[in-house]
Amino acid sequence: MDVPNAIDPKDRDFIKVEPHRNMNTVLEALTNELGIRMRKVEMEYSRRHRYVQEFEFMPGSDFHRDLDELEASRVELILQIDRRAKGLGGLFSEALEMDEDFVRVSFTDAEINQGVHSVADKLRITIQQFT
């Protein structure tokens, strides 16, 4: 944080921001269970939610033939599933930007409490439905 006219402008106090336990369970499911690698995290403006933290992932071994990338935001996830072009139809879909779906996935406290494996199973099934 930059404080104008601070007593010691060179003073640096670092903070560590950790995800809520529910979001942490989802992140663990994606990275540890599904092998999806986190590429970057950024804040984006959203008219509906003001600002949304967006997590961008690269597909792991389970999905490398089907996905270009996967984006997730919020515990009520909105997955942007960007399919990999396959064949001539896939090339046309990608050229016309018709190779992406926005999918809403919600997790109840009970589902989160069942653990990472349960969350990973639900995410795997959802992603497979759209690839």
# chains A, B, ... in the order shown; residues from 1 in each chain; ligands from 1
>>> select_by_dssp(residues="chain A", states="strand (DSSP E)", output="number ranges by chain")
A: 37-46, 50-58, 67-73, 77-83, 100-105
>>> write_last_selection(atoms="N, CA and C atoms", output="tab-separated table (two decimals), in the first residue's frame")
chain	number	residue	atom	x	y	z
A	37	ARG	N	-2.45	-26.68	-13.97
A	37	ARG	CA	-1.45	-25.75	-13.46
A	37	ARG	C	-1.97	-24.31	-13.46
A	38	MET	N	-1.75	-23.62	-12.34
A	38	MET	CA	-2.15	-22.22	-12.28
A	38	MET	C	-1.15	-21.39	-13.09
A	39	ARG	N	-1.67	-20.57	-14.02
A	39	ARG	CA	-0.81	-19.73	-14.84
A	39	ARG	C	-0.71	-18.32	-14.27
A	40	LYS	N	-1.85	-17.73	-13.92
A	40	LYS	CA	-1.81	-16.39	-13.34
A	40	LYS	C	-3.11	-16.10	-12.61
A	41	VAL	N	-3.04	-15.10	-11.76
A	41	VAL	CA	-4.20	-14.63	-11.00
A	41	VAL	C	-4.26	-13.13	-11.19
A	42	GLU	N	-5.44	-12.63	-11.51
A	42	GLU	CA	-5.57	-11.19	-11.69
A	42	GLU	C	-6.95	-10.73	-11.25
A	43	MET	N	-7.06	-9.45	-11.01
A	43	MET	CA	-8.35	-8.84	-10.68
A	43	MET	C	-8.92	-8.23	-11.95
A	44	GLU	N	-10.20	-8.50	-12.21
A	44	GLU	CA	-10.85	-7.95	-13.39
A	44	GLU	C	-12.13	-7.24	-12.97
A	45	TYR	N	-12.46	-6.19	-13.69
A	45	TYR	CA	-13.68	-5.46	-13.43
A	45	TYR	C	-14.88	-6.25	-13.96
A	46	SER	N	-15.93	-6.29	-13.18
A	46	SER	CA	-17.16	-6.96	-13.57
A	46	SER	C	-18.32	-6.03	-13.19
A	50	ARG	N	-18.53	-5.92	-9.41
A	50	ARG	CA	-17.49	-4.89	-9.29
A	50	ARG	C	-16.14	-5.45	-9.71
A	51	TYR	N	-15.42	-6.08	-8.80
A	51	TYR	CA	-14.14	-6.68	-9.16
A	51	TYR	C	-14.16	-8.15	-8.80
A	52	VAL	N	-13.57	-8.95	-9.66
A	52	VAL	CA	-13.56	-10.40	-9.47
A	52	VAL	C	-12.12	-10.87	-9.60
A	53	GLN	N	-11.71	-11.72	-8.67
A	53	GLN	CA	-10.39	-12.32	-8.77
A	53	GLN	C	-10.51	-13.52	-9.70
A	54	GLU	N	-9.72	-13.51	-10.77
A	54	GLU	CA	-9.80	-14.56	-11.77
A	54	GLU	C	-8.52	-15.39	-11.74
A	55	PHE	N	-8.70	-16.69	-11.68
A	55	PHE	CA	-7.59	-17.64	-11.68
A	55	PHE	C	-7.53	-18.26	-13.07
A	56	GLU	N	-6.39	-18.20	-13.70
A	56	GLU	CA	-6.23	-18.77	-15.04
A	56	GLU	C	-5.33	-20.00	-14.94
A	57	PHE	N	-5.81	-21.10	-15.51
A	57	PHE	CA	-5.10	-22.38	-15.41
A	57	PHE	C	-4.78	-22.93	-16.80
A	58	MET	N	-3.72	-23.72	-16.86
A	58	MET	CA	-3.36	-24.47	-18.06
A	58	MET	C	-3.71	-25.94	-17.79
A	67	LEU	N	-8.43	-29.01	-23.75
A	67	LEU	CA	-8.54	-27.62	-23.30
A	67	LEU	C	-7.33	-26.79	-23.71
A	68	ASP	N	-7.59	-25.52	-24.04
A	68	ASP	CA	-6.50	-24.55	-24.18
A	68	ASP	C	-6.22	-23.93	-22.82
A	69	GLU	N	-7.28	-23.58	-22.10
A	69	GLU	CA	-7.13	-23.02	-20.77
A	69	GLU	C	-8.45	-23.14	-20.02
A	70	LEU	N	-8.36	-22.88	-18.71
A	70	LEU	CA	-9.54	-22.90	-17.85
A	70	LEU	C	-9.40	-21.69	-16.93
A	71	GLU	N	-10.47	-20.91	-16.80
A	71	GLU	CA	-10.46	-19.76	-15.91
A	71	GLU	C	-11.55	-19.95	-14.86
A	72	ALA	N	-11.24	-19.57	-13.63
A	72	ALA	CA	-12.20	-19.73	-12.54
A	72	ALA	C	-12.19	-18.49	-11.66
A	73	SER	N	-13.37	-18.16	-11.15
A	73	SER	CA	-13.47	-17.05	-10.21
A	73	SER	C	-14.58	-17.35	-9.21
A	77	LEU	N	-18.16	-20.95	-8.80
A	77	LEU	CA	-17.24	-20.77	-9.92
A	77	LEU	C	-17.98	-20.46	-11.21
A	78	ILE	N	-17.36	-19.64	-11.98
A	78	ILE	CA	-17.76	-19.47	-13.37
A	78	ILE	C	-16.56	-19.95	-14.16
A	79	LEU	N	-16.66	-21.15	-14.68
A	79	LEU	CA	-15.55	-21.73	-15.44
A	79	LEU	C	-15.66	-21.29	-16.89
A	80	GLN	N	-14.60	-20.75	-17.41
A	80	GLN	CA	-14.53	-20.43	-18.84
A	80	GLN	C	-13.75	-21.56	-19.46
A	81	ILE	N	-14.46	-22.45	-20.13
A	81	ILE	CA	-13.86	-23.65	-20.71
A	81	ILE	C	-13.52	-23.35	-22.17
A	82	ASP	N	-12.24	-23.28	-22.44
A	82	ASP	CA	-11.74	-22.95	-23.77
A	82	ASP	C	-11.21	-24.24	-24.40
A	83	ARG	N	-12.02	-24.82	-25.29
A	83	ARG	CA	-11.69	-26.11	-25.90
A	83	ARG	C	-10.56	-25.97	-26.91
A	100	GLU	N	-15.53	-21.53	-26.68
A	100	GLU	CA	-15.54	-21.28	-25.25
A	100	GLU	C	-16.96	-21.36	-24.69
A	101	ASP	N	-17.06	-21.91	-23.50
A	101	ASP	CA	-18.32	-21.94	-22.77
A	101	ASP	C	-18.09	-21.36	-21.39
A	102	PHE	N	-19.07	-20.64	-20.88
A	102	PHE	CA	-19.05	-20.16	-19.51
A	102	PHE	C	-20.00	-21.03	-18.72
A	103	VAL	N	-19.49	-21.72	-17.72
A	103	VAL	CA	-20.26	-22.70	-16.96
A	103	VAL	C	-20.25	-22.31	-15.48
A	104	ARG	N	-21.43	-22.22	-14.89
A	104	ARG	CA	-21.54	-21.89	-13.48
A	104	ARG	C	-21.54	-23.19	-12.66
A	105	VAL	N	-20.64	-23.27	-11.68
A	105	VAL	CA	-20.54	-24.44	-10.80
A	105	VAL	C	-20.56	-23.95	-9.37
>>> select_by_dssp(residues="stretch 8-69 of chain A", states="alpha helix (DSSP H)", output="VMD selection string")
chain A and resid 21 to 28
>>> atom_distance(atom1="atom CA of A:Val116", atom2="atom CA of A:Gly35")
12.8 Å
>>> closest_residue(among="A:Phe63, A:Ile127, A:Val119, A:Lys16", to="A:Ala29", atoms="only C-alpha atoms")
A:Val119
>>> residues_around(residues="A:Asp109", least_positions_apart="3", cutoff="12 Å", atoms="only C-alpha atoms", output="PyMOL selection string")
chain A and resi 21-23+25-26+75-76+106+112-115+118-119
>>> atom_distance(atom1="atom CA of A:Lys122", atom2="atom CA of A:Ser61")
17.6 Å
